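Okay, upload-v3.pdb now, which holds PDB, C-alpha atoms and all ligand atoms:
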```pdb
MODEL        1
ATOM      1  CA  MET A  23    -184.422  43.535 -12.146
ATOM      2  CA  SER A  24    -187.136  45.944 -11.127
ATOM      3  CA  VAL A  25    -188.654  45.106  -7.804
ATOM      4  CA  THR A  26    -192.086  46.055  -6.674
ATOM      5  CA  GLY A  27    -193.784  45.643  -3.369
ATOM      6  CA  SER A  28    -197.234  45.744  -4.892
ATOM      7  CA  SER A  29    -199.136  42.657  -5.921
ATOM      8  CA  PRO A  30    -202.283  42.109  -8.046
ATOM      9  CA  ALA A  31    -204.365  41.642  -4.888
ATOM     10  CA  ASP A  32    -202.604  41.436  -1.581
ATOM     11  CA  SER A  33    -205.502  39.856   0.203
ATOM     12  CA  LYS A  34    -205.589  36.615  -1.827
ATOM     13  CA  PRO A  35    -203.253  33.604  -1.360
ATOM     14  CA  VAL A  36    -200.159  33.850  -3.596
ATOM     15  CA  ASN A  37    -200.798  30.505  -5.282
ATOM     16  CA  SER A  38    -204.117  31.663  -6.667
ATOM     17  CA  LEU A  39    -202.650  34.962  -7.883
ATOM     18  CA  PHE A  40    -199.709  33.589  -9.866
ATOM     19  CA  ARG A  41    -198.976  30.570 -12.004
ATOM     20  CA  PRO A  42    -195.549  29.227 -12.994
ATOM     21  CA  ILE A  43    -194.653  29.116 -16.694
ATOM     22  CA  PRO A  44    -191.830  27.309 -18.559
ATOM     23  CA  ILE A  45    -189.101  29.732 -19.700
ATOM     24  CA  ALA A  46    -189.072  27.966 -23.095
ATOM     25  CA  THR A  47    -192.494  29.493 -23.824
ATOM     26  CA  LEU A  48    -190.885  32.949 -24.038
ATOM     27  CA  VAL A  49    -189.726  33.792 -27.547
ATOM     28  CA  PRO A  50    -186.850  36.278 -28.131
ATOM     29  CA  ASP A  51    -187.876  39.708 -29.451
ATOM     30  CA  SER A  52    -191.556  39.000 -29.038
ATOM     31  CA  VAL A  53    -194.233  41.287 -27.685
ATOM     32  CA  ALA A  54    -196.221  39.910 -24.796
ATOM     33  CA  ASP A  55    -199.127  41.518 -23.035
ATOM     34  CA  PHE A  56    -198.447  39.982 -19.620
ATOM     35  CA  ASP A  57    -196.114  40.735 -16.709
ATOM     36  CA  ILE A  58    -193.318  38.372 -15.772
ATOM     37  CA  TYR A  59    -192.592  37.796 -12.085
ATOM     38  CA  VAL A  60    -189.882  35.701 -10.450
ATOM     39  CA  ARG A  61    -189.549  34.095  -7.076
ATOM     40  CA  MET A  62    -186.107  33.401  -5.651
ATOM     41  CA  ARG A  63    -187.211  30.863  -3.050
ATOM     42  CA  HIS A  64    -190.391  28.882  -2.525
ATOM     43  CA  ASP A  65    -191.634  31.021   0.364
ATOM     44  CA  ASP A  66    -190.835  34.424  -1.189
ATOM     45  CA  TYR A  67    -193.485  36.720  -2.574
ATOM     46  CA  PRO A  68    -193.043  37.045  -6.384
ATOM     47  CA  VAL A  69    -191.329  40.225  -7.587
ATOM     48  CA  LEU A  70    -191.896  41.932 -10.919
ATOM     49  CA  PHE A  71    -189.118  41.124 -13.381
ATOM     50  CA  ARG A  72    -190.493  42.578 -16.597
ATOM     51  CA  SER A  73    -193.520  44.751 -17.105
ATOM     52  CA  ARG A  74    -195.980  43.954 -19.890
ATOM     53  CA  ILE A  75    -195.133  47.193 -21.679
ATOM     54  CA  LEU A  76    -191.531  46.086 -22.371
ATOM     55  CA  PRO A  77    -190.505  43.667 -25.158
ATOM     56  CA  ILE A  78    -189.043  40.254 -24.325
ATOM     57  CA  THR A  79    -185.533  40.789 -25.629
ATOM     58  CA  MET A  80    -182.655  38.340 -25.841
ATOM     59  CA  ASP A  81    -181.161  40.176 -22.859
ATOM     60  CA  VAL A  82    -184.315  39.632 -20.779
ATOM     61  CA  LEU A  83    -184.216  35.898 -21.544
ATOM     62  CA  LYS A  84    -180.505  35.701 -20.762
ATOM     63  CA  ARG A  85    -181.025  37.306 -17.368
ATOM     64  CA  LEU A  86    -183.985  35.079 -16.668
ATOM     65  CA  SER A  87    -182.051  31.908 -17.404
ATOM     66  CA  GLU A  88    -178.873  33.024 -15.610
ATOM     67  CA  ASN A  89    -180.538  34.048 -12.369
ATOM     68  CA  ARG A  90    -181.288  31.217 -10.016
ATOM     69  CA  HIS A  91    -185.001  31.717  -9.643
ATOM     70  CA  GLU A  92    -187.143  29.135  -8.030
ATOM     71  CA  CYS A  93    -189.599  29.787 -10.835
ATOM     72  CA  ILE A  94    -190.937  32.262 -13.384
ATOM     73  CA  LEU A  95    -194.549  33.309 -12.926
ATOM     74  CA  ILE A  96    -197.318  35.355 -14.465
ATOM     75  CA  PRO A  97    -200.384  36.781 -12.709
ATOM     76  CA  THR A  98    -203.359  34.448 -13.159
ATOM     77  CA  SER A  99    -205.415  37.535 -14.062
ATOM     78  CA  GLN A 100    -203.344  37.642 -17.276
ATOM     79  CA  ASN A 101    -203.925  33.978 -18.227
ATOM     80  CA  ARG A 102    -205.862  34.978 -21.306
ATOM     81  CA  GLU A 103    -203.037  37.196 -22.596
ATOM     82  CA  TYR A 104    -200.535  34.391 -21.938
ATOM     83  CA  ALA A 105    -202.729  31.831 -23.758
ATOM     84  CA  GLU A 106    -203.001  34.094 -26.808
ATOM     85  CA  TYR A 107    -199.230  34.650 -26.760
ATOM     86  CA  LEU A 108    -198.628  30.870 -26.619
ATOM     87  CA  GLU A 109    -200.947  30.268 -29.545
ATOM     88  CA  ARG A 110    -199.186  32.923 -31.641
ATOM     89  CA  HIS A 111    -195.749  31.474 -30.978
ATOM     90  CA  LEU A 112    -196.306  27.710 -30.688
ATOM     91  CA  GLU A 113    -195.209  26.883 -34.216
ATOM     92  CA  THR A 114    -192.036  28.999 -33.782
ATOM     93  CA  VAL A 115    -191.110  27.147 -30.574
ATOM     94  CA  LEU A 116    -191.968  23.655 -31.860
ATOM     95  CA  THR A 117    -189.794  24.085 -34.958
ATOM     96  CA  ASP A 118    -186.843  25.618 -33.083
ATOM     97  CA  GLU A 119    -184.278  22.813 -33.060
ATOM     98  CA  SER A 120    -182.054  24.733 -30.639
ATOM     99  CA  VAL A 121    -184.673  24.038 -27.919
ATOM    100  CA  PRO A 122    -184.494  20.485 -26.497
ATOM    101  CA  VAL A 123    -187.450  18.241 -27.441
ATOM    102  CA  LEU A 124    -188.392  17.862 -23.773
ATOM    103  CA  GLU A 125    -188.731  21.637 -23.366
ATOM    104  CA  ARG A 126    -190.698  21.949 -26.574
ATOM    105  CA  SER A 127    -192.989  19.135 -25.361
ATOM    106  CA  ASN A 128    -193.511  21.070 -22.139
ATOM    107  CA  VAL A 129    -194.454  24.199 -24.101
ATOM    108  CA  LEU A 130    -196.855  22.141 -26.195
ATOM    109  CA  TYR A 131    -198.625  20.792 -23.107
ATOM    110  CA  THR A 132    -198.829  24.223 -21.497
ATOM    111  CA  THR A 133    -200.318  25.696 -24.666
ATOM    112  CA  ALA A 134    -202.716  22.822 -25.327
ATOM    113  CA  HIS A 135    -203.970  22.755 -21.732
ATOM    114  CA  SER A 136    -204.722  26.460 -21.621
ATOM    115  CA  MET A 137    -206.328  26.387 -25.060
ATOM    116  CA  VAL A 138    -208.657  23.456 -24.329
ATOM    117  CA  GLU A 139    -209.535  24.946 -20.943
ATOM    118  CA  ASN A 140    -210.563  28.163 -22.740
ATOM    119  CA  ILE A 141    -212.502  26.265 -25.423
ATOM    120  CA  LEU A 142    -214.458  24.303 -22.818
ATOM    121  CA  ALA A 143    -215.371  27.607 -21.173
ATOM    122  CA  ASN A 144    -216.271  29.236 -24.541
ATOM    123  CA  PRO A 145    -217.517  26.451 -26.842
ATOM    124  CA  GLU A 146    -219.400  29.007 -28.942
ATOM    125  CA  SER A 147    -216.194  30.720 -30.126
ATOM    126  CA  THR A 148    -215.387  29.758 -33.726
ATOM    127  CA  ASP A 149    -212.115  31.728 -33.450
ATOM    128  CA  MET A 150    -210.977  29.446 -30.633
ATOM    129  CA  MET A 151    -212.016  26.380 -32.629
ATOM    130  CA  ARG A 152    -209.846  27.640 -35.489
ATOM    131  CA  SER A 153    -206.948  28.126 -33.058
ATOM    132  CA  SER A 154    -207.340  24.519 -31.927
ATOM    133  CA  LYS A 155    -206.964  23.434 -35.554
ATOM    134  CA  ASP A 156    -203.677  25.361 -35.768
ATOM    135  CA  LEU A 157    -202.521  23.742 -32.534
ATOM    136  CA  VAL A 158    -203.323  20.249 -33.859
ATOM    137  CA  ALA A 159    -201.468  20.994 -37.116
ATOM    138  CA  SER A 160    -198.383  22.226 -35.220
ATOM    139  CA  THR A 161    -198.485  19.246 -32.870
ATOM    140  CA  ALA A 162    -198.916  16.801 -35.734
ATOM    141  CA  GLY A 163    -195.808  18.184 -37.426
ATOM    142  CA  PHE A 164    -193.863  18.052 -34.154
ATOM    143  CA  LEU A 165    -194.867  14.437 -33.372
ATOM    144  CA  LEU A 166    -194.085  13.280 -36.902
ATOM    145  CA  ARG A 167    -190.713  15.116 -37.061
ATOM    146  CA  GLU A 168    -189.370  14.353 -33.599
ATOM    147  CA  LYS A 169    -189.169  10.634 -32.822
ATOM    148  CA  SER A 170    -188.752  11.210 -29.091
ATOM    149  CA  ALA A 171    -191.624  13.708 -28.737
ATOM    150  CA  PHE A 172    -194.302  11.146 -27.872
ATOM    151  CA  GLU A 173    -192.148   9.629 -25.128
ATOM    152  CA  HIS A 174    -191.470  13.074 -23.640
ATOM    153  CA  LEU A 175    -195.147  13.965 -23.799
ATOM    154  CA  VAL A 176    -196.102  10.721 -22.046
ATOM    155  CA  GLY A 177    -193.534  11.579 -19.363
ATOM    156  CA  LEU A 178    -195.200  14.964 -18.867
ATOM    157  CA  VAL A 179    -198.796  13.681 -18.783
ATOM    158  CA  SER A 180    -200.852  15.126 -15.973
ATOM    159  CA  TYR A 181    -202.282  12.293 -13.876
ATOM    160  CA  ASP A 182    -204.774  14.642 -12.242
ATOM    161  CA  TYR A 183    -207.967  14.439 -14.238
ATOM    162  CA  TYR A 184    -209.583  17.552 -15.651
ATOM    163  CA  THR A 185    -211.546  17.482 -18.893
ATOM    164  CA  TYR A 186    -208.891  19.689 -20.516
ATOM    165  CA  THR A 187    -205.924  17.521 -19.406
ATOM    166  CA  HIS A 188    -207.814  14.379 -20.451
ATOM    167  CA  SER A 189    -208.583  15.924 -23.859
ATOM    168  CA  VAL A 190    -204.930  16.672 -24.546
ATOM    169  CA  ASN A 191    -203.809  13.230 -23.330
ATOM    170  CA  VAL A 192    -206.376  11.466 -25.525
ATOM    171  CA  PHE A 193    -205.237  13.511 -28.505
ATOM    172  CA  VAL A 194    -201.571  12.616 -27.969
ATOM    173  CA  TYR A 195    -202.252   8.896 -27.362
ATOM    174  CA  SER A 196    -204.760   8.560 -30.236
ATOM    175  CA  PHE A 197    -202.652  10.445 -32.728
ATOM    176  CA  SER A 198    -199.552   8.375 -31.951
ATOM    177  CA  LEU A 199    -201.512   5.121 -32.012
ATOM    178  CA  ALA A 200    -203.005   5.938 -35.415
ATOM    179  CA  ASN A 201    -199.586   6.825 -36.766
ATOM    180  CA  ARG A 202    -198.004   3.642 -35.329
ATOM    181  CA  ALA A 203    -200.869   1.656 -36.873
ATOM    182  CA  GLY A 204    -199.778   2.890 -40.291
ATOM    183  CA  ILE A 205    -201.825   6.059 -40.911
ATOM    184  CA  ALA A 206    -199.284   8.447 -42.410
ATOM    185  CA  ASP A 207    -201.404  10.888 -44.401
ATOM    186  CA  GLN A 208    -201.034  14.226 -42.602
ATOM    187  CA  LYS A 209    -204.481  15.541 -43.564
ATOM    188  CA  THR A 210    -206.177  12.400 -42.212
ATOM    189  CA  LEU A 211    -204.077  12.560 -39.054
ATOM    190  CA  THR A 212    -204.842  16.229 -38.407
ATOM    191  CA  ASP A 213    -208.581  15.791 -39.075
ATOM    192  CA  PHE A 214    -208.494  12.884 -36.659
ATOM    193  CA  GLY A 215    -206.410  14.836 -34.127
ATOM    194  CA  GLU A 216    -208.950  17.670 -34.087
ATOM    195  CA  GLY A 217    -211.697  15.206 -33.215
ATOM    196  CA  ALA A 218    -209.561  13.490 -30.570
ATOM    197  CA  LEU A 219    -208.587  16.824 -28.932
ATOM    198  CA  LEU A 220    -212.213  17.990 -28.761
ATOM    199  CA  HIS A 221    -213.877  14.580 -28.295
ATOM    200  CA  ASP A 222    -215.331  15.588 -24.905
ATOM    201  CA  ILE A 223    -216.276  19.182 -25.839
ATOM    202  CA  GLY A 224    -219.887  18.134 -25.223
ATOM    203  CA  LYS A 225    -219.061  18.028 -21.505
ATOM    204  CA  SER A 226    -219.161  21.829 -21.624
ATOM    205  CA  SER A 227    -222.947  21.433 -21.769
ATOM    206  CA  ILE A 228    -223.182  18.999 -18.842
ATOM    207  CA  ASP A 229    -223.990  20.220 -15.330
ATOM    208  CA  PRO A 230    -220.585  20.735 -13.604
ATOM    209  CA  LYS A 231    -221.992  19.083 -10.462
ATOM    210  CA  ILE A 232    -222.331  15.849 -12.432
ATOM    211  CA  LEU A 233    -218.839  16.195 -13.892
ATOM    212  CA  ARG A 234    -217.415  16.702 -10.389
ATOM    213  CA  ALA A 235    -219.586  14.075  -8.686
ATOM    214  CA  LYS A 236    -217.698  11.755  -6.353
ATOM    215  CA  GLY A 237    -218.468   8.076  -6.688
ATOM    216  CA  LYS A 238    -221.177   6.440  -8.752
ATOM    217  CA  LEU A 239    -223.632   8.564 -10.723
ATOM    218  CA  THR A 240    -227.366   8.110 -10.236
ATOM    219  CA  GLU A 241    -229.394   6.779 -13.164
ATOM    220  CA  ASP A 242    -230.527  10.325 -14.085
ATOM    221  CA  GLN A 243    -227.023  11.770 -13.800
ATOM    222  CA  TRP A 244    -225.664   8.991 -15.974
ATOM    223  CA  LYS A 245    -228.355   9.657 -18.587
ATOM    224  CA  GLU A 246    -227.310  13.316 -18.615
ATOM    225  CA  MET A 247    -223.602  12.409 -18.869
ATOM    226  CA  ARG A 248    -224.284  10.166 -21.845
ATOM    227  CA  ARG A 249    -225.526  13.184 -23.798
ATOM    228  CA  HIS A 250    -222.001  14.555 -24.213
ATOM    229  CA  PRO A 251    -221.003  12.798 -27.486
ATOM    230  CA  VAL A 252    -224.074  14.076 -29.354
ATOM    231  CA  SER A 253    -223.825  17.466 -27.725
ATOM    232  CA  GLY A 254    -220.143  17.634 -28.754
ATOM    233  CA  TYR A 255    -221.005  16.558 -32.288
ATOM    234  CA  ASP A 256    -223.620  19.324 -32.519
ATOM    235  CA  ILE A 257    -221.213  21.952 -31.162
ATOM    236  CA  LEU A 258    -218.484  21.051 -33.655
ATOM    237  CA  LYS A 259    -220.887  20.679 -36.584
ATOM    238  CA  ASN A 260    -222.412  24.112 -35.931
ATOM    239  CA  HIS A 261    -219.009  25.791 -36.227
ATOM    240  CA  GLY A 262    -218.718  24.444 -39.786
ATOM    241  CA  VAL A 263    -214.913  24.200 -39.656
ATOM    242  CA  PHE A 264    -214.432  20.505 -38.822
ATOM    243  CA  SER A 265    -214.200  17.452 -41.091
ATOM    244  CA  ASP A 266    -216.651  14.536 -41.019
ATOM    245  CA  LEU A 267    -213.874  12.448 -39.453
ATOM    246  CA  ALA A 268    -213.501  14.861 -36.509
ATOM    247  CA  LEU A 269    -217.286  14.880 -36.045
ATOM    248  CA  HIS A 270    -217.388  11.083 -36.233
ATOM    249  CA  VAL A 271    -214.712  10.709 -33.535
ATOM    250  CA  THR A 272    -216.553  13.117 -31.236
ATOM    251  CA  ARG A 273    -219.887  11.373 -31.661
ATOM    252  CA  HIS A 274    -218.685   7.770 -31.497
ATOM    253  CA  HIS A 275    -215.803   7.563 -29.036
ATOM    254  CA  HIS A 276    -218.011   5.638 -26.556
ATOM    255  CA  GLU A 277    -219.195   3.004 -29.037
ATOM    256  CA  LYS A 278    -218.046  -0.604 -28.573
ATOM    257  CA  MET A 279    -216.828  -3.150 -31.121
ATOM    258  CA  ARG A 280    -219.477  -5.705 -30.102
ATOM    259  CA  GLY A 281    -222.240  -3.086 -29.778
ATOM    260  CA  GLY A 282    -223.848  -1.799 -26.619
ATOM    261  CA  GLY A 283    -222.039   1.551 -26.645
ATOM    262  CA  TYR A 284    -223.591   4.985 -26.975
ATOM    263  CA  PRO A 285    -225.092   7.105 -28.488
ATOM    264  CA  ASP A 286    -225.910   5.059 -31.611
ATOM    265  CA  ASP A 287    -225.099   1.476 -30.571
ATOM    266  CA  LEU A 288    -222.856   1.027 -33.620
ATOM    267  CA  LYS A 289    -220.944  -2.194 -34.100
ATOM    268  CA  SER A 290    -217.463  -2.814 -35.469
ATOM    269  CA  ASN A 291    -218.448  -2.746 -39.151
ATOM    270  CA  LYS A 292    -219.739   0.834 -38.740
ATOM    271  CA  LEU A 293    -216.815   2.120 -36.691
ATOM    272  CA  ASP A 294    -213.956   3.857 -38.474
ATOM    273  CA  PRO A 295    -210.601   2.388 -37.336
ATOM    274  CA  LEU A 296    -209.600   5.879 -36.201
ATOM    275  CA  VAL A 297    -212.610   6.078 -33.903
ATOM    276  CA  ARG A 298    -211.445   2.753 -32.454
ATOM    277  CA  CYS A 299    -208.046   4.379 -31.790
ATOM    278  CA  SER A 300    -209.698   7.207 -29.873
ATOM    279  CA  THR A 301    -211.736   4.750 -27.769
ATOM    280  CA  ILE A 302    -208.601   2.887 -26.685
ATOM    281  CA  ALA A 303    -206.849   6.171 -25.816
ATOM    282  CA  ASP A 304    -209.916   7.471 -23.973
ATOM    283  CA  ILE A 305    -210.249   4.389 -21.755
ATOM    284  CA  PHE A 306    -206.499   4.186 -21.084
ATOM    285  CA  ASP A 307    -206.317   7.826 -19.986
ATOM    286  CA  ALA A 308    -209.426   7.498 -17.799
ATOM    287  CA  LEU A 309    -207.845   4.526 -16.008
ATOM    288  CA  THR A 310    -204.409   6.076 -15.548
ATOM    289  CA  THR A 311    -205.540   9.422 -14.124
ATOM    290  CA  ARG A 312    -206.599  10.368 -10.618
ATOM    291  CA  ARG A 313    -210.230  11.152  -9.856
ATOM    292  CA  SER A 314    -211.743  12.341  -6.621
ATOM    293  CA  TYR A 315    -212.967   8.775  -6.036
ATOM    294  CA  LYS A 316    -209.987   6.738  -7.252
ATOM    295  CA  GLU A 317    -206.207   6.630  -7.463
ATOM    296  CA  PRO A 318    -204.619   6.345 -10.919
ATOM    297  CA  MET A 319    -203.652   2.893 -12.208
ATOM    298  CA  SER A 320    -200.164   2.303 -13.562
ATOM    299  CA  SER A 321    -199.907   1.877 -17.340
ATOM    300  CA  PHE A 322    -199.331  -1.838 -16.831
ATOM    301  CA  GLN A 323    -202.405  -2.258 -14.620
ATOM    302  CA  ALA A 324    -204.559  -0.293 -17.060
ATOM    303  CA  LEU A 325    -203.414  -2.283 -20.096
ATOM    304  CA  LYS A 326    -203.954  -5.552 -18.197
ATOM    305  CA  LEU A 327    -207.482  -4.556 -17.191
ATOM    306  CA  MET A 328    -208.295  -3.493 -20.753
ATOM    307  CA  HIS A 329    -206.940  -6.819 -22.019
ATOM    308  CA  ASP A 330    -208.704  -8.964 -19.410
ATOM    309  CA  GLU A 331    -212.056  -7.216 -19.179
ATOM    310  CA  MET A 332    -212.640  -5.093 -22.272
ATOM    311  CA  SER A 333    -211.164  -7.040 -25.162
ATOM    312  CA  ALA A 334    -214.555  -7.636 -26.820
ATOM    313  CA  ASP A 335    -215.178  -3.874 -26.825
ATOM    314  CA  LEU A 336    -211.852  -2.863 -28.369
ATOM    315  CA  ASP A 337    -210.222  -3.449 -31.738
ATOM    316  CA  PRO A 338    -207.778  -6.315 -30.999
ATOM    317  CA  ASP A 339    -205.132  -5.327 -33.567
ATOM    318  CA  LEU A 340    -205.166  -1.682 -32.528
ATOM    319  CA  PHE A 341    -205.027  -2.627 -28.857
ATOM    320  CA  LYS A 342    -201.974  -4.801 -29.564
ATOM    321  CA  THR A 343    -200.375  -1.875 -31.401
ATOM    322  CA  PHE A 344    -201.172   0.416 -28.449
ATOM    323  CA  VAL A 345    -199.493  -1.998 -26.016
ATOM    324  CA  GLU A 346    -196.426  -2.022 -28.271
ATOM    325  CA  LEU A 347    -196.483   1.785 -28.510
ATOM    326  CA  MET A 348    -196.560   2.211 -24.734
ATOM    327  CA  GLY A 349    -193.805  -0.394 -24.297
ATOM    328  CA  ASN A 350    -191.588   1.078 -27.002
ATOM    329  CA  PRO A 351    -192.638   4.685 -27.671
ATOM    330  CA  GLN A 352    -189.926   5.438 -30.227
ATOM    331  CA  GLY A 353    -190.676   2.255 -32.226
TER     332      GLY A 353
HETATM  333 FE    FE A 401    -216.358  11.007 -23.617
HETATM  334 FE    FE A 402    -213.009  11.215 -22.951
ENDMDL
END
```

Let me see the structure of the file written as structure tokens.
Amino acid sequence: MSVTGSSPADSKPVNSLFRPIPIATLVPDSVADFDIYVRMRHDDYPVLFRSRILPITMDVLKRLSENRHECILIPTSQNREYAEYLERHLETVLTDESVPVLERSNVLYTTAHSMVENILANPESTDMMRSSKDLVASTAGFLLREKSAFEHLVGLVSYDYYTYTHSVNVFVYSFSLANRAGIADQKTLTDFGEGALLHDIGKSSIDPKILRAKGKLTEDQWKEMRRHPVSGYDILKNHGVFSDLALHVTRHHHEKMRGGGYPDDLKSNKLDPLVRCSTIADIFDALTTRRSYKEPMSSFQALKLMHDEMSADLDPDLFKTFVELMGNPQG
């Protein structure tokens, strides 16, 4: 191991300079444009293990897994390089049966989180939109191949709410619900998954102060917030790479079965069953994650509240299927 006393910026707190990464994201004999650091104990300053100019060989990975590090880290200044590396190698990792499903699920979450975070920051990038389509296709294959993947992903769900964590959660829940409800056609599922993953992309155009507001929004703030489905629809449509189904999910995920939703006040007969799947997933994730103004509900509490207070807004058969899915993820 090469050890260095230097750090990317000695004056900043360590936790903002480095981020931990799962070892399973590192692919043998790959080229990566980021440095790898390790930390032996929680309080230690990270030390350089492998410089970005060296390949990640089998030997590097062996030494990394044999040494008892507290964790493996990369500099946060190289997040972009790491995200691009993850995107390039996701399919390789997800199809590698020698890696346990739990580890592959972890890699999937890490990749999806960093990708959606980047997309929300750069919604004008068609290249990133195309990458998200590849990610959805790889995830779809993984979820359909590996029976236990959904359960592992649910176990890894982040209960701290950020738009990018919420987006990935809604994608995983919606996709699995649609599949459990009998949708098996992979093209339909991936078109749907793209819409579910990017359903809140319109929030990239909403004032961050409103997104981060604690407590109830004012009437004006709420009006602004309610723009996000149409804004998201416009963003995706302008890229010209998404299906009508993906656009439909983005525009209509806040509609209600009995009417009264937004933006178009559609009723059940105008709502595609897949949009209804995304609405159930969206509400469930919002209830079960932590916000600055509320603690997360347990899955049971959230499902009970949805049953008791929102049943007229949700598709009853799909809600029943969702309850079954959460109770018995492997079916
Ligand atoms: Fe939304
Ligand atoms: Fe949402």

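Evaluating the PyMOL selection byres (((chain A and resi 294) around 12) and not hetatm) against the shown model yields Ala200, Phe214, Asp266, Leu267, Ala268, Leu269, His270, Val271, Arg273, His274, His275, Glu277, Lys278, Met279, Leu288, Lys289, Ser290, Asn291, Lys292, Leu293, Pro295, Leu296, Val297, Arg298, Cys299, Ser300, Thr301, Asp337 and Leu340 of chain A.
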
Would you write out, as a ChimeraX atom specification, every residue that the PyMOL selection byres (((not hetatm)) within 12 of (chain A and resi 402)) captures in this file?
/A:183-193,195-196,217-225,233,247-248,250-251,254,271-277,300-309,311

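Our summary of the geometry notes that atom CA of Ala324 of chain A is positioned 6.5 Å from atom CA of Thr310 of chain A.
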
Neighbours of Gly262 of chain A within 12 Å (only C-alpha atoms; same-chain residues fewer than 6 positions away dropped), as an mmCIF file with C-alpha atoms, keeping the file's coordinate frame?
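Final output, saved to selection.cif:
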```
data_model
loop_
_atom_site.group_PDB
_atom_site.id
_atom_site.type_symbol
_atom_site.label_atom_id
_atom_site.label_comp_id
_atom_site.auth_asym_id
_atom_site.auth_seq_id
_atom_site.Cartn_x
_atom_site.Cartn_y
_atom_site.Cartn_z
ATOM 1 C CA GLU A 146 -219.400 29.007 -28.942
ATOM 2 C CA SER A 147 -216.194 30.720 -30.126
ATOM 3 C CA THR A 148 -215.387 29.758 -33.726
ATOM 4 C CA ASP A 149 -212.115 31.728 -33.450
ATOM 5 C CA MET A 151 -212.016 26.380 -32.629
ATOM 6 C CA ARG A 152 -209.846 27.640 -35.489
ATOM 7 C CA TYR A 255 -221.005 16.558 -32.288
ATOM 8 C CA ASP A 256 -223.620 19.324 -32.519
ATOM 9 C CA ALA A 268 -213.501 14.861 -36.509
ATOM 10 C CA LEU A 269 -217.286 14.880 -36.045
#
```

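Among the candidates A:His91, A:His174, A:Arg72, A:Arg249, the residue lying nearest to ligand FE 401 (chain A) is A:Arg249 (atoms considered: all atoms listed in the file).
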
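With distances restricted to only C-alpha atoms, A:Ser52 is the closest residue to Arg110 of chain A from A:Cys93, A:Glu168, A:Ser52, A:Asn260.
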
From atom CA of Ser180 of chain A to atom CA of Ile205 of chain A the spacing works out at 26.6 Å

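Rounded to one decimal, atom CA of Ile58 of chain A and atom CA of Asp182 of chain A lie 26.6 Å from each other.
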
Residues at most 12 Å from Thr79 of chain A, counting all atoms listed in the file, excluding those fewer than 6 positions away in the same chain, as number ranges by chain?
A: 48-54, 72, 85-86

Suppose a student applies the PyMOL selection byres (((chain A and resi 113) around 9) and not hetatm) to this structure; what residues should they get, written as a list in words?
Glu109, Arg110, His111, Leu112, Thr114, Val115, Leu116, Thr117, Asp118, Asp156, Leu157, Ser160, Thr161 and Phe164 of chain A

Kindly list the centre and edge lengths in Å, rounded to one decimal, for the axis-aligned box that covers all listed atoms of segment 309-327 of chain A plus 3 Å on each of its six sides, as JSON.
```
{"center_x": -206.1, "center_y": 3.4, "center_z": -13.1, "size_x": 19.6, "size_y": 23.9, "size_z": 20.1}
```

Restricting to all atoms listed in the file, whichever of A:Phe264, A:Val252, A:Ala171, A:His329 is closest to Pro122 of chain A is A:Ala171

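Using all atoms listed in the file, the smallest distance between any of A:Leu325, A:Gly349, A:Arg312, A:Ser226 and ligand FE 401 (chain A) comes from A:Ser226.
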